[in-house]
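Chemist: This is the structure I have questions about; it appears just below.
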Amino acid sequence: MASSLLYINGEFVAPTASATLDVIDPSTTEVIARVPDASPADVHRAVQAARAAFDDGPWKDATAQDRGRVLFELAGIVRARAAELAELETRNTGKPIVEAEFDIGDVATCFEYYGGLATKIHGDVIPVPDNAMSLALREPIGVAGQIIPWNYPLLMAAWKLAPAICAGCTTVLKPAEQTPLTVLALASSFADAGLPPGVVNIVTGAGGTGAAIVAHPDVDKIAFTGSAEVGRTIMRAAAATLKKISLELGGKSPNIFFADADFEVAVEGALFGVFFNQGEVCSAGSRILVQRSIYRTFLDAMVEKAKTITVGPPLHRDTKMGALVSREQFDRVRRYQEIGKQEAKLAMGGGRASGAALDRGYFVEPTIFYDVDNAARIAREEIFGPVACVIPFDDEADALRIANDTDYGLAAAVWTRDIFRAMRAVKSLRAGIVWVNHMQPTYVEAPWGGYKQSGIGRELGKWGVEEYLNVKQVYINLSEQPIGWY
């Protein structure tokens, strides 16, 4: 069993206090590591290192080409260590190994994308009416505090680290207390990639550690992915020092199926949208809206196909659903399964997954409720597990009304062969991401973020790096004449 240290100023260092957190394998509930529960003093050390690296260190003078090379080196290291990192991710999260392998590949792609973007951050020359020149420069915002969720530990870290490095920022990153292992493992290669000390610092810990990062006066920006409840807390706390914030929060995404959709593909899309990664996905299509004329046939087909989903040990390559990440999350999903039995009709699942290989871990059955009222708790509250709510609708207007009747607005999908209907839906859906005839494809080149209570700001693409930049206006007087004020 490993016992990790904090990563501060380019070194693995001991924390100031002895408090630790157990890290488990959720498929067996065995403790596989212990990590420090970093104190405010530890956070202060990390922020000081990041501040010094930004203000005075070699990173201050690094060129865009230098930053790009570091990111490409990180990508190469991730690809070289992919098998090791994927297995560690699976052991720490409970997700299937095949999905973890895809995630690690996406980590490398993210670093590569921002490595290329580093030399394409441009300012502007602004025409002004006087004999003068006006420039708009884009400069790194400074020290970024980054708080990472547990569902895609290394990928979500890359989504934040890569644009920050690209922009020239320094960071203090806190992984989720449940899943800190892969980012700590990658930290051992930061120096090999050419990252100077202090540019990236990693502090492990629970909520108090994150709160200390948010409150620290020398942190210029906070990037957070997680629940809307915690996002609101961060927003309030960041107001004390007027930090720039970006928040990628929850969702209750509608997955809309019209009668003219390609039936077989649509059924698979409905299941994939809510059950992949055990439903532990912020954009999960957990509200499945089906046109009434195909409602029963579609529901029956979903159930039959869902019965073939293999719930099993995450390291088995045929496993489609692994374990939920923690006891807390397991209990949460189980509560919602019971709530759903009181609010709607149960088509399948609704309990703990059983079997000799599953009894020790946090496994639940893929669960489908139907005839769900959109006002029900299971239709309005983010469950973050493999629980689908199937809701009938009559026509296009009814579907869009139900889809938009939510506090969230992260993602939505619409399935139809009618391109005019599809584009009307795209225009009407109040969501930051809308898929047509698919659900969940995510590309580093495209913006990611939500409307309403699903967050503030965008990650990925050129939009992601803009979250780490300030804009500075520069005025240059080209006239030799006096101002003429007197």
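Ligands are numbered from 1 in the order shown, chains are lettered A, B, ... in the order of the structure tokens, and residues start at 1 in each chain.
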So that I can see what lies close to His122 in chain A, please list as a list of chain:residue names the residues with an atom at most 12 Å from it, counting only C-alpha atoms and leaving out residues fewer than 4 positions away in the same chain.
Modeler: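 Near neighbours after the sequence-gap exclusion: A:Ala64, A:Leu117, A:Ala118, A:Leu135, A:Ala136, A:Leu137, A:Arg138, A:Glu139, A:Ala167, A:Lys462, A:Val465, A:Glu466, A:Leu469, A:Val471.
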Chemist: Limited to N, CA and C atoms, could you put the picked residues into a file as a short mmCIF file (atom, residue, chain, number, x, y, z; two decimals), in the first residue's frame?
Modeler:
```cif
data_model
loop_
_atom_site.label_atom_id
_atom_site.label_comp_id
_atom_site.auth_asym_id
_atom_site.auth_seq_id
_atom_site.Cartn_x
_atom_site.Cartn_y
_atom_site.Cartn_z
N ALA A 64 6.16 31.24 -25.72
CA ALA A 64 5.06 30.38 -26.14
C ALA A 64 5.58 29.06 -26.70
N LEU A 117 -1.65 25.08 -29.51
CA LEU A 117 -2.33 26.36 -29.37
C LEU A 117 -1.45 27.41 -28.70
N ALA A 118 -0.41 26.98 -28.00
CA ALA A 118 0.41 27.92 -27.22
C ALA A 118 0.97 29.04 -28.09
N LEU A 135 -3.48 48.74 -28.69
CA LEU A 135 -3.25 47.30 -28.72
C LEU A 135 -4.06 46.62 -27.62
N ALA A 136 -4.48 45.40 -27.87
CA ALA A 136 -5.07 44.55 -26.84
C ALA A 136 -4.18 43.33 -26.69
N LEU A 137 -3.53 43.21 -25.55
CA LEU A 137 -2.63 42.10 -25.28
C LEU A 137 -3.34 41.06 -24.42
N ARG A 138 -3.03 39.81 -24.65
CA ARG A 138 -3.55 38.73 -23.82
C ARG A 138 -2.40 38.19 -22.97
N GLU A 139 -2.59 38.23 -21.66
CA GLU A 139 -1.53 37.84 -20.74
C GLU A 139 -2.07 36.82 -19.74
N ALA A 167 -1.35 29.04 -21.43
CA ALA A 167 -1.49 30.49 -21.24
C ALA A 167 -0.30 31.10 -20.52
N LYS A 462 -10.23 26.88 -27.93
CA LYS A 462 -9.68 28.22 -27.66
C LYS A 462 -10.40 28.88 -26.49
N VAL A 465 -8.61 28.20 -23.02
CA VAL A 465 -7.41 28.98 -22.67
C VAL A 465 -7.78 30.41 -22.33
N GLU A 466 -8.87 30.93 -22.90
CA GLU A 466 -9.28 32.30 -22.59
C GLU A 466 -9.64 32.47 -21.11
N LEU A 469 -6.59 33.87 -19.24
CA LEU A 469 -5.95 35.05 -19.80
C LEU A 469 -6.62 36.33 -19.32
N VAL A 471 -6.89 40.50 -20.45
CA VAL A 471 -6.73 41.36 -21.61
C VAL A 471 -6.25 42.73 -21.13
#
```
Chemist: Can you tell me, as a VMD selection string, what residues are no more than 6 Å from range 299-312 of chain A when counting only C-alpha atoms, ignoring any on the same chain fewer than 3 positions away?
Modeler: chain A and resid 267 296 319 to 322
Chemist: Could you write out the selected residues, including all heavy atoms, as an mmCIF file, in the first residue's frame?
Modeler:
```cif
data_model
loop_
_atom_site.group_PDB
_atom_site.id
_atom_site.type_symbol
_atom_site.label_atom_id
_atom_site.label_comp_id
_atom_site.auth_asym_id
_atom_site.auth_seq_id
_atom_site.Cartn_x
_atom_site.Cartn_y
_atom_site.Cartn_z
ATOM 1 N N VAL A 267 -31.796 3.400 -29.666
ATOM 2 C CA VAL A 267 -31.875 2.618 -28.429
ATOM 3 C C VAL A 267 -30.487 2.491 -27.798
ATOM 4 O O VAL A 267 -30.312 2.688 -26.586
ATOM 5 C CB VAL A 267 -32.487 1.235 -28.702
ATOM 6 C CG1 VAL A 267 -32.313 0.316 -27.488
ATOM 7 C CG2 VAL A 267 -33.962 1.362 -29.064
ATOM 8 N N ARG A 296 -43.691 2.689 -25.963
ATOM 9 C CA ARG A 296 -43.651 1.356 -25.370
ATOM 10 C C ARG A 296 -42.656 0.454 -26.091
ATOM 11 O O ARG A 296 -41.895 -0.289 -25.457
ATOM 12 C CB ARG A 296 -45.048 0.729 -25.405
ATOM 13 C CG ARG A 296 -45.171 -0.558 -24.585
ATOM 14 C CD ARG A 296 -45.128 -0.254 -23.091
ATOM 15 N NE ARG A 296 -44.290 -1.199 -22.358
ATOM 16 C CZ ARG A 296 -44.235 -1.272 -21.051
ATOM 17 N NH1 ARG A 296 -44.945 -0.449 -20.302
ATOM 18 N NH2 ARG A 296 -43.453 -2.139 -20.438
ATOM 19 N N THR A 319 -16.156 -6.066 -19.276
ATOM 20 C CA THR A 319 -17.029 -5.317 -18.365
ATOM 21 C C THR A 319 -17.471 -4.008 -19.018
ATOM 22 O O THR A 319 -16.655 -3.255 -19.542
ATOM 23 C CB THR A 319 -16.302 -5.022 -17.045
ATOM 24 O OG1 THR A 319 -16.119 -6.255 -16.334
ATOM 25 C CG2 THR A 319 -17.084 -4.060 -16.170
ATOM 26 N N LYS A 320 -18.773 -3.733 -18.960
ATOM 27 C CA LYS A 320 -19.325 -2.481 -19.491
ATOM 28 C C LYS A 320 -19.648 -1.495 -18.369
ATOM 29 O O LYS A 320 -19.667 -0.297 -18.599
ATOM 30 C CB LYS A 320 -20.599 -2.758 -20.297
ATOM 31 C CG LYS A 320 -20.378 -3.583 -21.549
ATOM 32 C CD LYS A 320 -19.457 -2.884 -22.527
ATOM 33 C CE LYS A 320 -19.299 -3.684 -23.808
ATOM 34 N NZ LYS A 320 -18.254 -3.096 -24.690
ATOM 35 N N MET A 321 -19.966 -1.981 -17.183
ATOM 36 C CA MET A 321 -20.199 -1.127 -16.024
ATOM 37 C C MET A 321 -19.413 -1.673 -14.849
ATOM 38 O O MET A 321 -19.535 -2.844 -14.503
ATOM 39 C CB MET A 321 -21.691 -1.074 -15.659
ATOM 40 C CG MET A 321 -22.460 0.044 -16.337
ATOM 41 S SD MET A 321 -24.216 0.071 -15.850
ATOM 42 C CE MET A 321 -24.095 -0.029 -14.069
ATOM 43 N N GLY A 322 -18.596 -0.806 -14.247
ATOM 44 C CA GLY A 322 -17.817 -1.214 -13.092
ATOM 45 C C GLY A 322 -18.471 -0.783 -11.798
ATOM 46 O O GLY A 322 -19.702 -0.765 -11.676
#
```
Chemist: Which is closest to Phe363 in chain A among A:Gln481, A:Thr233, A:Thr16, A:Thr28, if we use only C-alpha atoms?
Modeler: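 Looking at the shortest contact to Phe363 in chain A, the residue is A:Thr28.
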Chemist: Using only C-alpha atoms, which protein or nucleic acid residues come within 9 Å of Glu381 in chain A? Drop anything in the same chain fewer than 5 positions from it, and give the result as a list in words.
Modeler: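 Residues near the query, excluding close chain neighbours: Gly251, Lys252 and Ala376 of chain A.
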Chemist: Can you pull out the residues contacting Arg335 in chain A? Cut-off 10 Å, using only C-alpha atoms, and skip same-chain residues under 5 positions away; I want them as a ChimeraX atom specification.
Modeler: /A:329-330,340,350-351,383
Chemist: Keeping N, CA and C atoms, export the residues of the selection given above as a PDB file, in the first residue's frame.
Modeler:
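Printed below is part-v5.pdb as written:
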```
ATOM      1  N   GLN A 329     -21.064   7.557  -2.686  1.00  0.00           N
ATOM      2  CA  GLN A 329     -21.793   7.596  -3.960  1.00  0.00           C
ATOM      3  C   GLN A 329     -22.707   6.391  -4.121  1.00  0.00           C
ATOM      4  N   PHE A 330     -22.256   5.235  -3.659  1.00  0.00           N
ATOM      5  CA  PHE A 330     -23.089   4.029  -3.690  1.00  0.00           C
ATOM      6  C   PHE A 330     -24.369   4.243  -2.889  1.00  0.00           C
ATOM      7  N   GLY A 340     -37.096   6.410  -6.549  1.00  0.00           N
ATOM      8  CA  GLY A 340     -37.726   6.173  -7.839  1.00  0.00           C
ATOM      9  C   GLY A 340     -38.839   5.150  -7.783  1.00  0.00           C
ATOM     10  N   GLY A 350     -32.816  -1.434 -10.114  1.00  0.00           N
ATOM     11  CA  GLY A 350     -33.360  -0.879  -8.885  1.00  0.00           C
ATOM     12  C   GLY A 350     -32.682  -1.348  -7.624  1.00  0.00           C
ATOM     13  N   GLY A 351     -31.562  -2.063  -7.745  1.00  0.00           N
ATOM     14  CA  GLY A 351     -30.910  -2.567  -6.544  1.00  0.00           C
ATOM     15  C   GLY A 351     -29.411  -2.669  -6.708  1.00  0.00           C
ATOM     16  N   ILE A 383     -28.434  12.502 -10.011  1.00  0.00           N
ATOM     17  CA  ILE A 383     -28.164  11.265  -9.277  1.00  0.00           C
ATOM     18  C   ILE A 383     -26.709  10.852  -9.433  1.00  0.00           C
TER      19      ILE A 383
END
```
Chemist: Excluding Leu186 in chain A and residues on its chain fewer than 2 positions from it, collect all residues at most 10 Å away from it, counting only C-alpha atoms, and give them as an MDAnalysis selection string.
Modeler: chainID A and resid 74 77:78 81 85 154 181:184 188:190
Chemist: Would you mind writing down, as JSON, numbers by chain, each residue of range 89-338 of chain A that DSSP on the backbone assigns to alpha helix (DSSP H)?
Modeler: {"A": [89, 90, 91, 92, 93, 97, 98, 99, 100, 101, 102, 103, 104, 105, 106, 107, 108, 109, 110, 111, 112, 113, 114, 115, 116, 117, 153, 154, 155, 156, 157, 158, 159, 160, 161, 162, 163, 164, 165, 166, 167, 181, 182, 183, 184, 185, 186, 187, 207, 208, 209, 210, 211, 212, 213, 214, 215, 228, 229, 230, 231, 232, 233, 234, 235, 236, 237, 238, 263, 264, 265, 266, 267, 268, 269, 270, 271, 272, 273, 274, 275, 295, 296, 297, 298, 299, 300, 301, 302, 303, 304, 305, 306, 327, 328, 329, 330, 331, 332, 333, 334, 335, 336, 337, 338]}
